[in-house]
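Working notes, beginning with the structure itself.
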Amino acid sequence: MTTATLTDQAQLDLVRTRHVRQMELTVRILQHIMARVDGATATTLRDPDDGAKGWTTLEVLCHLRDYDAIFYQRAQMMAAGGTPDLPGYDHEALATERRYNEQDPATVLAALVESRARFVAFFRDLTPEQWQATGIHPERGLFTMTDAAMQVGLHDVLHIEQITRILASA
């Protein structure tokens, strides 16, 4: 019996492909979840683990939409070359400034779906050289394009768990 082994590069390519696929699936999961959430529920139930300051489902969804754009911007900066310093953001300030809980859930979700399609296409179109790009993440230090691809789906999963926890508290 022989065992096929993948080269390190083939394994890395497989990891990248799977994480880009995860980016598509997590947005579809959010669409399925949000299809059953009415406006009142989206804006009133709060994360029970955070008490009165906990975010609502709508606030989490807005955060995901905005950070999709932030992550995309950072990835574009890295792909352009030069190991750029990636900008940091205050997620609590964004939630307040952009009045997350006053936005329309359907509009927010549609914007996330559109943003994500663009981001997935970006990753699929990267050249091998662009996959080697790096940047300096404000919290993590050296950050690779593979890190960027992995971050999106993992960030989604963290907040999908949060949304389902909020909805389960009803």
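Quick note on naming: the chains in the structure tokens go A, B, ... in the order shown, residues restart at 1 in each chain, and ligands are numbered from 1 in order of appearance.
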
### Task
Write down as a PyMOL selection string the residues of range 40-115 of chain A whose backbone DSSP state falls under helix (DSSP H, G or I).
chain A and resi 40-44+48-53+57-79+91-97+100-102+105-115

### Message
I'd like the neighbourhood of Ile163 in chain A as a VMD selection string, where a residue qualifies if any of its atoms comes within 12 Å (using only C-alpha atoms), though same-chain residues fewer than 4 positions away should be ignored.
### Response
chain A and resid 29 to 30 33 to 34 37 41 to 43 45 to 49 54 to 64 156 to 159 167 to 170

Would you mind exporting N, CA and C atoms of the selected residues as a short mmCIF file (atom, residue, chain, number, x, y, z; two decimals), in the first residue's frame?
data_model
loop_
_atom_site.label_atom_id
_atom_site.label_comp_id
_atom_site.auth_asym_id
_atom_site.auth_seq_id
_atom_site.Cartn_x
_atom_site.Cartn_y
_atom_site.Cartn_z
N ILE A 29 -24.30 30.83 5.72
CA ILE A 29 -24.86 30.49 7.03
C ILE A 29 -25.53 31.72 7.63
N LEU A 30 -24.88 32.86 7.56
CA LEU A 30 -25.48 34.10 8.08
C LEU A 30 -26.79 34.42 7.36
N ILE A 33 -29.44 32.16 8.83
CA ILE A 33 -29.81 32.58 10.19
C ILE A 33 -30.67 33.83 10.13
N MET A 34 -30.23 34.83 9.39
CA MET A 34 -30.92 36.12 9.37
C MET A 34 -32.27 36.05 8.67
N VAL A 37 -34.83 36.10 11.39
CA VAL A 37 -34.73 37.10 12.45
C VAL A 37 -35.47 38.36 12.02
N THR A 41 -36.28 41.65 16.91
CA THR A 41 -35.34 40.72 17.53
C THR A 41 -33.90 41.14 17.25
N ALA A 42 -33.64 41.56 16.02
CA ALA A 42 -32.28 41.94 15.62
C ALA A 42 -31.76 43.14 16.39
N THR A 43 -32.68 43.99 16.87
CA THR A 43 -32.25 45.23 17.53
C THR A 43 -32.45 45.26 19.04
N LEU A 45 -32.55 42.00 21.37
CA LEU A 45 -31.84 40.97 22.13
C LEU A 45 -30.35 41.29 22.13
N ARG A 46 -29.74 41.16 23.31
CA ARG A 46 -28.31 41.47 23.44
C ARG A 46 -27.53 40.25 23.86
N ASP A 47 -26.25 40.27 23.58
CA ASP A 47 -25.36 39.18 23.95
C ASP A 47 -25.42 38.99 25.46
N PRO A 48 -25.95 37.86 25.94
CA PRO A 48 -26.11 37.66 27.38
C PRO A 48 -24.79 37.60 28.13
N ASP A 49 -23.71 37.29 27.45
CA ASP A 49 -22.41 37.23 28.11
C ASP A 49 -21.83 38.61 28.40
N GLY A 54 -23.83 44.43 25.88
CA GLY A 54 -23.66 43.44 24.82
C GLY A 54 -24.27 43.90 23.52
N TRP A 55 -23.73 43.42 22.44
CA TRP A 55 -24.22 43.79 21.12
C TRP A 55 -25.47 43.02 20.76
N THR A 56 -26.27 43.63 19.91
CA THR A 56 -27.44 42.97 19.33
C THR A 56 -26.98 42.20 18.09
N THR A 57 -27.88 41.38 17.58
CA THR A 57 -27.60 40.65 16.34
C THR A 57 -27.28 41.63 15.21
N LEU A 58 -28.02 42.71 15.12
CA LEU A 58 -27.77 43.70 14.07
C LEU A 58 -26.40 44.35 14.24
N GLU A 59 -26.02 44.66 15.46
CA GLU A 59 -24.70 45.26 15.68
C GLU A 59 -23.57 44.30 15.28
N VAL A 60 -23.75 43.03 15.58
CA VAL A 60 -22.75 42.03 15.18
C VAL A 60 -22.70 41.95 13.65
N LEU A 61 -23.84 41.95 13.01
CA LEU A 61 -23.89 41.88 11.55
C LEU A 61 -23.20 43.10 10.92
N CYS A 62 -23.45 44.28 11.46
CA CYS A 62 -22.79 45.50 10.97
C CYS A 62 -21.27 45.40 11.15
N HIS A 63 -20.86 44.88 12.29
CA HIS A 63 -19.43 44.68 12.57
C HIS A 63 -18.82 43.76 11.51
N LEU A 64 -19.50 42.67 11.20
CA LEU A 64 -18.99 41.74 10.18
C LEU A 64 -18.89 42.43 8.82
N ASP A 156 -15.64 35.27 11.17
CA ASP A 156 -17.06 34.98 10.93
C ASP A 156 -17.58 33.95 11.94
N VAL A 157 -16.84 32.86 12.10
CA VAL A 157 -17.29 31.78 13.00
C VAL A 157 -17.44 32.29 14.43
N LEU A 158 -16.50 33.10 14.88
CA LEU A 158 -16.59 33.69 16.21
C LEU A 158 -17.91 34.45 16.38
N HIS A 159 -18.25 35.25 15.37
CA HIS A 159 -19.46 36.07 15.48
C HIS A 159 -20.74 35.32 15.12
N LEU A 167 -29.52 34.83 19.89
CA LEU A 167 -30.86 34.36 19.50
C LEU A 167 -31.36 33.26 20.41
N ALA A 168 -30.48 32.43 20.91
CA ALA A 168 -30.88 31.34 21.82
C ALA A 168 -31.31 31.87 23.18
N SER A 169 -30.93 33.12 23.49
CA SER A 169 -31.27 33.68 24.80
C SER A 169 -32.72 34.17 24.87
N ALA A 170 -33.41 34.16 23.72
CA ALA A 170 -34.79 34.66 23.68
C ALA A 170 -35.74 33.78 24.47
#

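Across A:Leu94, A:Leu14, A:Leu6, A:Val20, the tightest approach to Arg118 in chain A is made by A:Val20 when counting only C-alpha atoms.
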
### Task
For each of A:Lys53, A:Arg116, A:His32, A:Arg124, take the minimum atom-to-atom distance to Glu92 in chain A, counting only C-alpha atoms, then give the residue where this is smallest.
A:Lys53

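When only C-alpha atoms are used to compute distances to Gln151 in chain A, the closest of the residues A:Arg99, A:Arg36, A:Arg165, A:His137 turns out to be A:His137.
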
Give me, as an mmCIF file with N, CA and C atoms, in the first residue's frame, all polymer residues having an atom no more than 7 Å from range 73-85 of chain A, counting only C-alpha atoms and skipping those fewer than 6 positions away in the same chain.
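Saved as selection_39.cif:
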data_model
loop_
_atom_site.group_PDB
_atom_site.id
_atom_site.type_symbol
_atom_site.label_atom_id
_atom_site.label_comp_id
_atom_site.auth_asym_id
_atom_site.auth_seq_id
_atom_site.Cartn_x
_atom_site.Cartn_y
_atom_site.Cartn_z
ATOM 1 N N GLN A 130 1.702 37.115 -5.086
ATOM 2 C CA GLN A 130 0.854 37.886 -4.171
ATOM 3 C C GLN A 130 0.506 37.088 -2.924
ATOM 4 N N ALA A 133 2.799 37.775 -0.104
ATOM 5 C CA ALA A 133 2.810 39.125 0.464
ATOM 6 C C ALA A 133 2.605 39.101 1.975
ATOM 7 N N THR A 134 3.168 40.107 2.615
ATOM 8 C CA THR A 134 3.027 40.257 4.064
ATOM 9 C C THR A 134 2.721 41.709 4.403
ATOM 10 N N GLY A 135 2.262 41.900 5.623
ATOM 11 C CA GLY A 135 2.049 43.226 6.175
ATOM 12 C C GLY A 135 2.333 43.157 7.658
ATOM 13 N N ILE A 136 2.284 44.300 8.309
ATOM 14 C CA ILE A 136 2.457 44.350 9.757
ATOM 15 C C ILE A 136 1.092 44.643 10.370
ATOM 16 N N HIS A 137 0.508 43.629 10.983
ATOM 17 C CA HIS A 137 -0.814 43.748 11.605
ATOM 18 C C HIS A 137 -0.674 44.549 12.901
ATOM 19 N N MET A 145 -0.490 36.783 3.724
ATOM 20 C CA MET A 145 -1.739 36.737 2.965
ATOM 21 C C MET A 145 -2.545 35.499 3.362
ATOM 22 N N ALA A 148 -4.374 36.375 6.349
ATOM 23 C CA ALA A 148 -5.520 37.212 5.991
ATOM 24 C C ALA A 148 -6.699 36.358 5.539
#

### Query
Any idea what's packed within 10 Å of Ala106 in chain A, counting only C-alpha atoms, ignoring anything in its chain fewer than 4 positions away? Could you give it as a ChimeraX atom specification?
/A:31,34-35,38-39,58,110-112

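Between Val27 in chain A and the candidates A:Thr146, A:Ser115, A:Ala121, A:Thr127, the tightest atom-to-atom separation, counting only C-alpha atoms, involves A:Ser115.
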
### Query
Can you tell me how far CA of Gly153 in chain A sits from CA of Met23 in chain A, in Å to one decimal?
5.0 Å
